[in-house]
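Listing of structure-v9.txt, compact mmCIF, C-alpha atoms and all ligand atoms
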```txt
# COMPACT_ATOMS: atom_id res chain seq x y z
CA ASP A 8 12.55 14.02 -28.16
CA ALA A 9 10.22 13.44 -25.22
CA VAL A 10 8.32 15.18 -22.45
CA ILE A 11 7.90 14.10 -18.84
CA HIS A 12 4.74 15.85 -17.70
CA PHE A 13 4.66 16.28 -13.91
CA ALA A 14 2.81 19.57 -13.64
CA GLY A 15 -0.50 19.62 -11.83
CA LEU A 16 -2.51 20.66 -8.81
CA LYS A 17 -2.84 17.79 -6.38
CA ALA A 18 -4.74 18.57 -3.19
CA VAL A 19 -7.92 16.53 -2.94
CA GLY A 20 -9.70 18.87 -0.49
CA GLU A 21 -8.83 21.97 -2.51
CA SER A 22 -10.10 20.29 -5.67
CA THR A 23 -13.57 19.95 -4.15
CA ALA A 24 -13.54 23.71 -3.33
CA ILE A 25 -12.20 25.01 -6.66
CA PRO A 26 -12.87 22.26 -9.23
CA LEU A 27 -12.71 24.55 -12.30
CA ARG A 28 -9.17 25.54 -11.44
CA TYR A 29 -8.30 21.85 -11.33
CA TYR A 30 -9.92 21.14 -14.69
CA GLN A 31 -8.36 24.22 -16.26
CA ASN A 32 -4.89 23.59 -14.93
CA ASN A 33 -4.65 19.79 -15.05
CA VAL A 34 -6.85 18.89 -18.01
CA GLY A 35 -6.60 22.15 -19.98
CA GLY A 36 -2.85 22.39 -19.34
CA THR A 37 -2.31 18.85 -20.58
CA ALA A 38 -4.41 19.45 -23.72
CA ASN A 39 -2.28 22.55 -24.47
CA LEU A 40 0.90 20.59 -23.92
CA LEU A 41 -0.22 17.78 -26.23
CA GLU A 42 -1.16 20.30 -28.95
CA ALA A 43 2.26 21.89 -28.70
CA MET A 44 3.96 18.49 -28.83
CA ASN A 45 1.92 17.58 -31.91
CA GLN A 46 2.91 20.81 -33.61
CA HIS A 47 6.57 20.11 -32.99
CA GLY A 48 6.43 16.42 -33.89
CA VAL A 49 7.36 15.35 -30.36
CA LYS A 50 5.28 12.27 -29.65
CA ASN A 51 6.90 10.58 -26.67
CA LEU A 52 5.33 11.34 -23.30
CA VAL A 53 5.61 10.15 -19.72
CA PHE A 54 2.65 11.32 -17.62
CA SER A 55 2.29 11.48 -13.82
CA SER A 56 -0.97 9.82 -12.94
CA SER A 57 -2.07 8.57 -9.56
CA CYS A 58 -3.48 5.54 -7.79
CA THR A 59 -6.45 7.79 -7.07
CA VAL A 60 -7.84 6.63 -10.45
CA TYR A 61 -8.72 3.28 -8.82
CA GLY A 62 -11.29 5.08 -6.62
CA ALA A 63 -12.32 3.16 -3.49
CA PRO A 64 -10.50 -0.16 -3.96
CA GLU A 65 -12.66 -3.27 -3.92
CA SER A 66 -9.74 -5.65 -3.74
CA LEU A 67 -6.01 -5.40 -3.12
CA PRO A 68 -3.28 -5.22 -4.30
CA LEU A 69 -4.33 -2.83 -7.08
CA ARG A 70 -3.57 -4.02 -10.59
CA GLU A 71 -3.44 -1.82 -13.68
CA ASP A 72 -6.43 -3.57 -15.29
CA PHE A 73 -8.75 -2.95 -12.32
CA PRO A 74 -11.84 -0.77 -12.83
CA LEU A 75 -11.31 2.98 -12.67
CA GLU A 76 -13.38 5.53 -10.81
CA ALA A 77 -12.90 9.11 -9.68
CA VAL A 78 -14.09 9.95 -6.18
CA ASN A 79 -13.17 13.66 -6.16
CA PRO A 80 -12.42 16.40 -8.73
CA TYR A 81 -8.65 15.88 -8.46
CA GLY A 82 -9.07 12.19 -9.30
CA GLN A 83 -11.47 13.09 -12.08
CA THR A 84 -8.82 15.29 -13.71
CA LYS A 85 -6.24 12.47 -13.63
CA LEU A 86 -8.77 10.03 -15.03
CA THR A 87 -9.87 12.46 -17.75
CA ILE A 88 -6.26 12.96 -18.80
CA GLU A 89 -5.73 9.19 -18.93
CA TYR A 90 -8.74 8.89 -21.28
CA MET A 91 -7.45 11.79 -23.37
CA LEU A 92 -4.08 10.05 -23.71
CA LYS A 93 -5.71 6.75 -24.69
CA ASP A 94 -7.73 8.50 -27.41
CA LEU A 95 -4.65 10.28 -28.66
CA ALA A 96 -2.57 7.08 -28.81
CA ALA A 97 -5.40 5.32 -30.66
CA SER A 98 -5.62 8.15 -33.20
CA ASP A 99 -1.99 8.15 -34.23
CA PRO A 100 0.47 5.25 -33.86
CA ALA A 101 3.39 7.67 -33.82
CA TRP A 102 2.52 8.53 -30.18
CA ASN A 103 4.27 6.56 -27.44
CA ILE A 104 2.79 7.30 -24.04
CA SER A 105 3.65 6.02 -20.59
CA ILE A 106 1.08 6.58 -17.85
CA LEU A 107 2.65 6.11 -14.42
CA ARG A 108 0.24 5.69 -11.53
CA TYR A 109 2.04 6.92 -8.43
CA PHE A 110 1.21 5.52 -5.03
CA ASN A 111 2.46 7.66 -2.07
CA PRO A 112 5.78 9.33 -2.97
CA VAL A 113 7.77 10.44 0.09
CA GLY A 114 11.37 11.12 1.07
CA ALA A 115 13.91 13.35 -0.61
CA HIS A 116 17.14 13.16 -2.56
CA PRO A 117 19.77 11.66 -0.20
CA SER A 118 21.98 14.76 -0.68
CA GLY A 119 19.39 16.80 1.23
CA GLU A 120 19.50 19.32 -1.63
CA ILE A 121 16.17 18.43 -3.25
CA GLY A 122 13.05 17.86 -1.20
CA GLU A 123 9.42 18.61 -0.60
CA ASP A 124 8.51 22.15 0.51
CA PRO A 125 4.73 22.37 0.79
CA LEU A 126 3.17 25.80 1.28
CA GLY A 127 1.43 26.28 4.63
CA ILE A 128 0.35 23.32 6.73
CA PRO A 129 1.04 20.09 4.86
CA ASN A 130 -1.89 17.88 3.85
CA ASN A 131 0.26 14.81 3.49
CA LEU A 132 1.56 12.58 6.21
CA MET A 133 5.35 12.56 5.72
CA PRO A 134 5.85 16.34 5.38
CA TYR A 135 3.59 16.76 8.42
CA ILE A 136 5.79 14.35 10.39
CA THR A 137 9.01 16.15 9.41
CA LYS A 138 7.50 19.53 10.36
CA VAL A 139 6.62 18.15 13.79
CA ALA A 140 10.16 16.74 14.10
CA VAL A 141 11.72 20.11 13.23
CA GLY A 142 9.50 21.84 15.80
CA GLU A 143 7.36 23.86 13.40
CA LEU A 144 4.20 21.94 14.26
CA GLN A 145 3.26 20.65 17.71
CA GLU A 146 1.88 17.21 17.13
CA LEU A 147 0.57 14.94 14.42
CA SER A 148 -3.14 14.19 14.17
CA VAL A 149 -3.61 10.57 13.20
CA PHE A 150 -6.81 10.52 11.16
CA GLY A 151 -8.67 7.54 12.58
CA ASP A 152 -7.58 4.44 14.50
CA ASP A 153 -10.78 2.48 14.05
CA TYR A 154 -10.28 1.20 10.50
CA ASP A 155 -10.39 -2.48 9.72
CA THR A 156 -6.59 -2.79 9.58
CA PRO A 157 -4.16 -4.52 12.00
CA ASP A 158 -3.48 -1.37 14.10
CA GLY A 159 -6.65 0.49 13.12
CA THR A 160 -4.86 3.20 11.09
CA CYS A 161 -4.93 3.55 7.31
CA ILE A 162 -2.52 1.64 5.12
CA ARG A 163 -0.73 3.18 2.14
CA ASP A 164 2.05 2.19 -0.25
CA TYR A 165 4.82 4.74 0.38
CA ILE A 166 7.49 4.95 -2.29
CA HIS A 167 10.83 6.77 -2.14
CA VAL A 168 10.95 9.69 -4.62
CA VAL A 169 14.29 8.49 -5.97
CA ASP A 170 12.75 5.11 -6.87
CA LEU A 171 9.85 7.01 -8.43
CA ALA A 172 12.26 9.15 -10.47
CA ARG A 173 14.10 6.03 -11.68
CA GLY A 174 10.76 4.63 -12.84
CA HIS A 175 10.39 7.59 -15.20
CA LEU A 176 13.79 6.94 -16.74
CA ASP A 177 12.94 3.28 -17.27
CA ALA A 178 9.61 4.27 -18.86
CA LEU A 179 11.36 6.79 -21.13
CA LYS A 180 13.80 4.13 -22.30
CA LYS A 181 10.94 1.75 -23.02
CA LEU A 182 9.16 4.33 -25.20
CA ASP A 183 12.05 4.06 -27.69
CA ALA A 184 10.70 0.62 -28.59
CA ASP A 185 7.48 2.13 -30.06
CA THR A 186 5.27 0.90 -27.28
CA GLY A 187 2.10 2.88 -28.04
CA LEU A 188 0.23 3.46 -24.77
CA MET A 189 1.38 1.70 -21.61
CA ILE A 190 0.23 1.99 -18.00
CA HIS A 191 2.20 1.05 -14.88
CA ASN A 192 1.81 1.33 -11.14
CA LEU A 193 4.79 2.82 -9.34
CA GLY A 194 4.62 1.48 -5.80
CA THR A 195 6.55 -0.91 -3.58
CA GLY A 196 3.69 -3.39 -3.27
CA GLN A 197 4.07 -3.11 0.53
CA GLY A 198 1.40 -1.58 2.75
CA CYS A 199 2.46 0.57 5.73
CA SER A 200 0.07 1.99 8.33
CA VAL A 201 0.13 5.56 9.67
CA LEU A 202 1.47 4.34 13.03
CA GLU A 203 4.05 2.11 11.34
CA LEU A 204 5.34 5.17 9.48
CA VAL A 205 5.41 7.25 12.69
CA ASN A 206 7.33 4.49 14.50
CA GLY A 207 9.55 3.87 11.47
CA PHE A 208 10.46 7.55 11.50
CA ALA A 209 11.55 7.34 15.15
CA ASP A 210 13.60 4.20 14.45
CA ALA A 211 15.30 5.72 11.40
CA THR A 212 16.01 9.18 12.83
CA GLY A 213 15.80 9.00 16.62
CA GLU A 214 13.02 11.64 16.50
CA ARG A 215 9.86 10.65 18.35
CA ILE A 216 6.75 12.25 16.90
CA PRO A 217 4.08 13.28 19.41
CA TYR A 218 0.67 12.39 18.05
CA ARG A 219 -2.93 12.20 19.04
CA ILE A 220 -5.71 10.15 17.54
CA ALA A 221 -8.17 12.39 15.69
CA GLY A 222 -11.33 11.60 13.77
CA ARG A 223 -11.29 10.03 10.33
CA ARG A 224 -10.56 12.28 7.35
CA ALA A 225 -13.42 12.31 4.86
CA GLY A 226 -12.82 10.21 1.77
CA ASP A 227 -9.86 8.15 3.10
CA ALA A 228 -9.77 4.53 1.95
CA PRO A 229 -8.72 2.11 4.74
CA ALA A 230 -5.99 0.50 2.63
CA VAL A 231 -4.35 1.20 -0.72
CA TYR A 232 -1.32 -0.62 -2.10
CA ALA A 233 0.00 -1.61 -5.48
CA ASP A 234 0.59 -4.77 -7.35
CA ALA A 235 3.98 -3.72 -8.67
CA ALA A 236 4.60 -6.78 -10.85
CA LEU A 237 3.82 -5.23 -14.24
CA ALA A 238 6.44 -2.47 -13.94
CA LYS A 239 8.97 -5.13 -12.96
CA ARG A 240 8.07 -7.33 -15.90
CA GLU A 241 7.74 -4.67 -18.60
CA LEU A 242 10.06 -1.87 -17.47
CA GLY A 243 12.56 -3.88 -15.43
CA TRP A 244 11.83 -1.48 -12.56
CA ARG A 245 11.22 -2.14 -8.92
CA ALA A 246 11.36 -0.02 -5.78
CA GLU A 247 14.63 -0.59 -3.92
CA ARG A 248 14.32 1.75 -0.95
CA GLY A 249 12.34 0.93 2.17
CA ILE A 250 10.59 2.91 4.91
CA GLU A 251 13.86 3.50 6.76
CA GLU A 252 15.50 5.28 3.81
CA MET A 253 12.33 7.23 3.07
CA CYS A 254 12.24 8.56 6.65
CA ARG A 255 15.98 9.18 6.86
CA ASP A 256 16.09 11.15 3.62
CA ALA A 257 12.90 13.12 4.36
CA TRP A 258 14.37 14.11 7.74
CA ASN A 259 17.79 14.92 6.27
CA TRP A 260 16.13 17.35 3.82
CA GLN A 261 13.92 18.96 6.49
CA ARG A 262 16.78 19.33 8.97
CA LYS A 263 19.04 20.93 6.36
CA ASN A 264 16.23 23.18 5.16
CA PRO A 265 14.07 23.92 8.22
CA GLY A 266 12.35 26.82 6.42
CA GLY A 267 12.09 25.04 3.06
CA TYR A 268 13.82 26.42 -0.03
N1 LIG A 301 -2.77 11.21 7.63
C1 LIG A 301 -2.84 11.43 8.98
N2 LIG A 301 -2.49 12.69 9.45
C2 LIG A 301 -2.09 13.70 8.64
C3 LIG A 301 -2.01 13.45 7.25
C4 LIG A 301 -2.36 12.20 6.77
O1 LIG A 301 -3.20 10.55 9.76
O2 LIG A 301 -1.83 14.81 9.12
C5 LIG A 301 -3.11 9.88 7.10
C6 LIG A 301 -4.24 9.92 6.09
O3 LIG A 301 -5.49 9.80 6.73
C7 LIG A 301 -3.92 8.70 5.22
C8 LIG A 301 -2.39 8.60 5.28
O4 LIG A 301 -2.00 9.37 6.41
O5 LIG A 301 -4.45 7.54 5.81
C9 LIG A 301 -1.71 9.14 4.04
O6 LIG A 301 -2.23 10.42 3.77
P1 LIG A 301 -1.62 11.37 2.66
O7 LIG A 301 -2.44 12.62 2.64
O8 LIG A 301 -0.14 11.51 2.86
O9 LIG A 301 -1.81 10.54 1.32
P2 LIG A 301 -3.15 10.00 0.58
O10 LIG A 301 -3.00 8.53 0.59
O11 LIG A 301 -4.32 10.47 1.33
O12 LIG A 301 -3.03 10.56 -0.77
```

Take the structure from the file and write it as structure tokens.
Amino acid sequence: DAVIHFAGLKAVGESTAIPLRYYQNNVGGTANLLEAMNQHGVKNLVFSSSCTVYGAPESLPLREDFPLEAVNPYGQTKLTIEYMLKDLAASDPAWNISILRYFNPVGAHPSGEIGEDPLGIPNNLMPYITKVAVGELQELSVFGDDYDTPDGTCIRDYIHVVDLARGHLDALKKLDADTGLMIHNLGTGQGCSVLELVNGFADATGERIPYRIAGRRAGDAPAVYADAALAKRELGWRAERGIEEMCRDAWNWQRKNPGGY
């Protein structure tokens, strides 16, 4: 009846090193999937996009109708797929497509049975924090404390994976109403700095994370957070879990699975 398409490569740095792999896998893979869906008359799709399609934000919070721009090959693949989906929806009214623009998904299922198990040293902040907490890594490098933000560290909109998952179910339900193409941010609408997340982790779990201030990471925007009003209005969805639950559940998963799966 429908496909939820999550598959994709997603490391920004890697995408600048091996862009063709990103185009082949993300864009080519999606084109193949859409062909197969067409052949089988399955025309309902939920697609995992990303807030990276907003590029370097000029104003905040980010709304779905803001200008789009790719600032690295990974972002370019997400943007290209969004355009492909718009063209497809315009070509055939039988298609119902939900594009979900994820902000920063973190956390794990509260059971501790399903979680994030990145290969090698994590790129992302939360899995890095949990690997420091479990003793696999020594200390966190905080990438820059001289941004124009209240504590000088970058601000992101972290969203609990369970809230994110619920958003997909709400989008799927909505597609039944013959929506055509729709686009929604999935974020909390709340900004949280790197140091706020590090301190929030200690408050939620009792685990203090040793860190040092390192240089800025190339390409990081100082602040990124969603306007989450459209998803509330059109899908009846909103994020219900805060930083404390995100940290608690991420730690619960890591502690139960110190070596990953
Ligand atoms: N970050 C950090 N140390 C790390 C990993 C990430 O200070 O080891 C910062 C990063 O600079 C950004 C924020 O944490 O400001 C979130 O980074 P992440 O890679 O998780 O998500 P992004 O928003 O970059 O997709």

Quiz item: Which is closer to Asp177 in chain A than all the others in A:Pro74, A:Pro80, A:Pro26, A:Gly243, using all atoms listed in the file?
Solution: A:Gly243

Practice problem: Could you report the residues within 10 Å of ligand LIG 301 (chain A), using all atoms listed in the file, as a ChimeraX atom specification? | Solution: /A:17-19,57-59,109-113,128-136,146-152,154,160-165,199-202,204-205,218-232

Just to be explicit: take each residue in the selection above, keep C-alpha atoms, and write the result as a CSV table (one decimal), keeping the file's coordinate frame.
```csv
chain,number,residue,atom,x,y,z
A,17,LYS,CA,-2.8,17.8,-6.4
A,18,ALA,CA,-4.7,18.6,-3.2
A,19,VAL,CA,-7.9,16.5,-2.9
A,57,SER,CA,-2.1,8.6,-9.6
A,58,CYS,CA,-3.5,5.5,-7.8
A,59,THR,CA,-6.4,7.8,-7.1
A,109,TYR,CA,2.0,6.9,-8.4
A,110,PHE,CA,1.2,5.5,-5.0
A,111,ASN,CA,2.5,7.7,-2.1
A,112,PRO,CA,5.8,9.3,-3.0
A,113,VAL,CA,7.8,10.4,0.1
A,128,ILE,CA,0.4,23.3,6.7
A,129,PRO,CA,1.0,20.1,4.9
A,130,ASN,CA,-1.9,17.9,3.8
A,131,ASN,CA,0.3,14.8,3.5
A,132,LEU,CA,1.6,12.6,6.2
A,133,MET,CA,5.4,12.6,5.7
A,134,PRO,CA,5.8,16.3,5.4
A,135,TYR,CA,3.6,16.8,8.4
A,136,ILE,CA,5.8,14.4,10.4
A,146,GLU,CA,1.9,17.2,17.1
A,147,LEU,CA,0.6,14.9,14.4
A,148,SER,CA,-3.1,14.2,14.2
A,149,VAL,CA,-3.6,10.6,13.2
A,150,PHE,CA,-6.8,10.5,11.2
A,151,GLY,CA,-8.7,7.5,12.6
A,152,ASP,CA,-7.6,4.4,14.5
A,154,TYR,CA,-10.3,1.2,10.5
A,160,THR,CA,-4.9,3.2,11.1
A,161,CYS,CA,-4.9,3.6,7.3
A,162,ILE,CA,-2.5,1.6,5.1
A,163,ARG,CA,-0.7,3.2,2.1
A,164,ASP,CA,2.0,2.2,-0.2
A,165,TYR,CA,4.8,4.7,0.4
A,199,CYS,CA,2.5,0.6,5.7
A,200,SER,CA,0.1,2.0,8.3
A,201,VAL,CA,0.1,5.6,9.7
A,202,LEU,CA,1.5,4.3,13.0
A,204,LEU,CA,5.3,5.2,9.5
A,205,VAL,CA,5.4,7.2,12.7
A,218,TYR,CA,0.7,12.4,18.0
A,219,ARG,CA,-2.9,12.2,19.0
A,220,ILE,CA,-5.7,10.2,17.5
A,221,ALA,CA,-8.2,12.4,15.7
A,222,GLY,CA,-11.3,11.6,13.8
A,223,ARG,CA,-11.3,10.0,10.3
A,224,ARG,CA,-10.6,12.3,7.4
A,225,ALA,CA,-13.4,12.3,4.9
A,226,GLY,CA,-12.8,10.2,1.8
A,227,ASP,CA,-9.9,8.2,3.1
A,228,ALA,CA,-9.8,4.5,2.0
A,229,PRO,CA,-8.7,2.1,4.7
A,230,ALA,CA,-6.0,0.5,2.6
A,231,VAL,CA,-4.4,1.2,-0.7
A,232,TYR,CA,-1.3,-0.6,-2.1
```

Practice problem: Name the closest residue to Glu241 in chain A among the candidates A:Ala178, A:Leu193, A:Ile216, A:Ile104; distances are taken between atoms, counting all atoms listed in the file. | Solution: A:Ala178

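Using only C-alpha atoms, the protein and nucleic acid residues lying no more than 8 Å from Arg70 in chain A, apart from those fewer than 4 places from it along its own chain, are Asn192, Ala233, Asp234 and Ala235 of chain A.
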
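With CA of Ile250 in chain A on one side and CA of Gly114 in chain A on the other, the separation reads 9.1 Å.
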
Exercise. Excluding Leu179 in chain A and residues on its chain fewer than 4 positions from it, collect all residues at most 12 Å away from it, counting all atoms listed in the file, and give them as a PyMOL selection string.
Key: chain A and resi 8-12+50-54+103-107+172-175+183-186+189+242+244

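Atom pair CA of Glu123 in chain A / CA of Ala211 in chain A: separated by 18.6 Å.
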
Quiz prompt | Polymer residues at most 9 Å from Gln261 in chain A, all atoms listed in the file, same-chain spacing of 3 or more positions, as a PyMOL selection string | solution = chain A and resi 119+122-124+134+137-138+140-141+256-258+264-267

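Distance-wise, CA of Ala38 in chain A and CA of Asn79 in chain A end up 20.5 Å apart.
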
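The closest residue to Leu40 in chain A, picked from A:Asn206, A:Thr23, A:Phe13, A:Ala63 and counting all atoms listed in the file, is A:Phe13.
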